[in-house]
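K.L.:
What follows is a single structure, and I will ask about it in a moment.
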Amino acid sequence: MFPLKDLKRSLLVSLWFALLTFPLMVIQVDPIERVVNWRWHNMFFVAMGSFVISVVSKVFFAQKEQQLARKRDAGDEVSETLFQRVLHEPRALFLLSMASLVFALAFPFLFSTYQTNVMTTALMYVVLGLGLNIVVGLAGLLDLGYVAFYAVGAYSYALLNHHFGLGFWTVLPVGGLMAAFFGILLGFPVLRLRGDYLAIVTLGFGEIIRLILENWNDFSMGPSGIANIARPGLFGLDLNLNMAILYLYYLMIALLMITVFVVNRLQDSRLGRAWVALREDEIACQAMGIDKTRTKLVAFALGAFWAGIIGVVFAAKTTFVNPASFTFLESAIILSIVVLGGMGSIVGVIFAALILILLPEYLRFLSEYRMLVFGAILVLMMVFRPEGLISNRRRIYQFKKKG
């Protein structure tokens, strides 16, 4: 029997959603005829849909709690889902990785150039998410100004190419190192900060970088931005637009593989364990003899390095940069990728980036309801999977007596 109080709560949720979506779903202004069309049936559908979803979610969580309680009472271990077991099984994970790699390499030959360009953007956000995952997911340092390092990398290539004619491959490591340097500059003032205070300072840092780029006209060309940035070269060959898109796509595949390898090795290293200790309990981490200052600075520098690398790729891909491309919304999207994927989970971040970047693109057939449906899908994901799509499994050590 469904409890009456939960039924009332679901009813309130449905009314709240109906009121929240009222301006978009009910009111339709026709500027030509100068009339307002009232679509009351949409409000009814939203209310009924949210009511059903709320009831189903409450039943789902109630059954899940009962199952967990029975397993705890019986002394059984809480079982993982089939997908999680596959990801934690080395042989299965290897086969899944190989299948994904083969599909990724064949993608441009199976789909259009436009789809390849969209997938390149998605891969860029995968690498950005993995970079921020070092800072937020592993070290537990809430960074809301991550887009600043992205901007540093992009403007490093744009300015060096515009003024000195330096090519993509020359500036690629320079952009990463410049971003890492700014990461260390940000790390020093926030060494003593945690939680909300750290978030405010990093947010301010991101806005400072954007405002400098927007107002320092002699340095960054101001709001007009920098155009005609050179695309990556291939042994001196001149590539047309389609070939350049294909070249950048395979370049991003290579960068993604390098990033996954490096982040995975870092995660299992002594430094990675120090980051996790810092995330769990900063005081206990320091009491165990871990250098908190160095650990934080390395996390900021490495996370910023990957953002700078992708910033250079972004400038080469678009051949144009301006401050409007590096707003707080970009930081929010990258942070959403980390949270949605699961804090510290490499595979989770990859899946979350593909979902967040590709889903709005493939929902275009819904017209003006596209972003509404996209937001609803994200809400449902976080309701049913609050720990992320693929939560990172904690190491557990058990000591058993013999005999």
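Convention: chains lettered A, B, ... in structure tokens order; per-chain residue numbering from 1; ligands numbered from 1 as shown.
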So that I can check the surroundings of Leu213 in chain A, please list as a PDB file with C-alpha atoms, in the first residue's frame every protein, DNA and RNA residue that reaches within 10 Å of it, counting only C-alpha atoms and ignoring chain neighbours fewer than 2 positions away.
P.N.:
```pdb
ATOM      1  CA  ALA A 151      40.989  30.252 -21.765  1.00  0.00           C
ATOM      2  CA  VAL A 152      44.713  30.561 -20.989  1.00  0.00           C
ATOM      3  CA  TYR A 155      44.662  32.559 -25.925  1.00  0.00           C
ATOM      4  CA  GLU A 207      35.843  35.827 -13.749  1.00  0.00           C
ATOM      5  CA  ILE A 208      39.058  37.865 -13.354  1.00  0.00           C
ATOM      6  CA  ILE A 209      40.677  36.048 -16.287  1.00  0.00           C
ATOM      7  CA  ARG A 210      37.576  36.535 -18.449  1.00  0.00           C
ATOM      8  CA  LEU A 211      37.283  40.253 -17.624  1.00  0.00           C
ATOM      9  CA  ASN A 215      38.793  44.652 -21.389  1.00  0.00           C
ATOM     10  CA  TRP A 216      42.534  44.584 -22.174  1.00  0.00           C
ATOM     11  CA  ASN A 217      42.143  45.484 -25.850  1.00  0.00           C
ATOM     12  CA  ASP A 218      45.848  46.012 -26.557  1.00  0.00           C
ATOM     13  CA  PHE A 219      46.641  42.513 -25.331  1.00  0.00           C
ATOM     14  CA  SER A 220      43.709  40.261 -26.239  1.00  0.00           C
ATOM     15  CA  MET A 221      41.810  42.323 -28.880  1.00  0.00           C
ATOM     16  CA  GLY A 222      38.962  42.727 -26.359  1.00  0.00           C
ATOM     17  CA  PRO A 223      35.442  41.449 -27.093  1.00  0.00           C
ATOM     18  CA  GLY A 225      38.507  38.319 -30.223  1.00  0.00           C
ATOM     19  CA  ASN A 322      36.861  35.619 -27.824  1.00  0.00           C
ATOM     20  CA  PRO A 323      36.018  35.990 -24.107  1.00  0.00           C
ATOM     21  CA  ALA A 324      32.369  34.974 -24.663  1.00  0.00           C
ATOM     22  CA  PHE A 326      34.889  31.159 -21.568  1.00  0.00           C
TER      23      PHE A 326
END
```
K.L.:
Would you list the contacts of range 10-23 of chain A as a count of residues only, taking every protein, DNA or RNA residue within 12 Å and counting only C-alpha atoms, but skipping same-chain residues closer than 5 positions in sequence?
P.N.:
36
K.L.:
Need to verify the contact set: range 105-118 of chain A, 9 Å, only C-alpha atoms, exclusion of same-chain residues closer than 4 positions in sequence. Can you return it as a list of chain:residue names?
P.N.:
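My list of contacting residues is A:Ser100, A:Leu101, A:Ala122, A:Leu123, A:Asn242, A:Ile245, A:Leu246, A:Leu248, A:Tyr249, A:Tyr250, A:Ile253, A:Ile357, A:Leu358, A:Glu361.
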K.L.:
Using DSSP on the backbone coordinates, identify the residues of range 147-306 of chain A assigned to alpha helix (DSSP H); present them as a PyMOL selection string.
P.N.:
chain A and resi 147-164+168-187+195-215+217-220+241-267+270-280+282-287+292-306
K.L.:
Hey, which of A:Ile200, A:Leu172, A:Ala104, A:Glu65 ends up closest to Leu160 in chain A? Count only C-alpha atoms.
P.N.:
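Counting only C-alpha atoms, the residue closest to Leu160 in chain A is A:Leu172.
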K.L.:
Find the residues around range 178-194 of chain A up to 7 Å (only C-alpha atoms counted), leave out those fewer than 6 positions away in its own chain, and share them as a list of chain:residue names.
P.N.:
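In the requested form, the answer reads A:Phe149, A:Val152, A:Gly153, A:Thr293, A:Lys296, A:Leu297, A:Phe300, A:Ala301, A:Leu302, A:Ala304, A:Phe305, A:Gly308.
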K.L.:
If you keep N, CA and C atoms, can you produce a file of those selected residues as a compact mmCIF listing (two decimals), in the first residue's frame?
P.N.:
```
# COMPACT_ATOMS: atom_id res chain seq x y z
N PHE A 149 41.64 28.28 -17.02
CA PHE A 149 42.81 27.57 -17.57
C PHE A 149 42.56 27.18 -19.03
N VAL A 152 43.27 30.29 -20.91
CA VAL A 152 44.71 30.56 -20.99
C VAL A 152 45.33 29.76 -22.13
N GLY A 153 44.97 28.48 -22.25
CA GLY A 153 45.50 27.67 -23.34
C GLY A 153 45.06 28.18 -24.70
N THR A 293 50.48 21.15 1.19
CA THR A 293 50.75 22.23 0.24
C THR A 293 51.13 21.69 -1.13
N LYS A 296 48.16 19.79 -2.93
CA LYS A 296 47.15 20.68 -3.52
C LYS A 296 47.68 21.36 -4.77
N LEU A 297 48.93 21.85 -4.70
CA LEU A 297 49.49 22.57 -5.85
C LEU A 297 49.64 21.65 -7.06
N PHE A 300 46.16 21.18 -8.63
CA PHE A 300 45.76 22.34 -9.43
C PHE A 300 46.56 22.43 -10.73
N ALA A 301 47.87 22.18 -10.64
CA ALA A 301 48.73 22.31 -11.82
C ALA A 301 48.39 21.25 -12.88
N LEU A 302 48.22 19.99 -12.45
CA LEU A 302 47.94 18.93 -13.41
C LEU A 302 46.54 19.10 -14.03
N ALA A 304 44.95 21.91 -14.43
CA ALA A 304 45.02 23.06 -15.33
C ALA A 304 45.77 22.73 -16.61
N PHE A 305 46.77 21.84 -16.53
CA PHE A 305 47.56 21.48 -17.71
C PHE A 305 46.68 20.90 -18.80
N GLY A 308 44.58 23.56 -20.41
CA GLY A 308 45.37 24.37 -21.34
C GLY A 308 45.59 23.67 -22.66
```
K.L.:
So which one's closest to Ser336 in chain A, A:Gly167, A:Gly204, A:Gly137, A:Pro173? Using only C-alpha atoms, please.
P.N.:
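Ranked by minimum distance to Ser336 in chain A, first place goes to A:Gly137.
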K.L.:
Suppose you want the space between CA of Arg385 in chain A and CA of Gln66 in chain A; what is it in Å?
P.N.:
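Pair CA of Arg385 in chain A / CA of Gln66 in chain A returns 17.3 Å.
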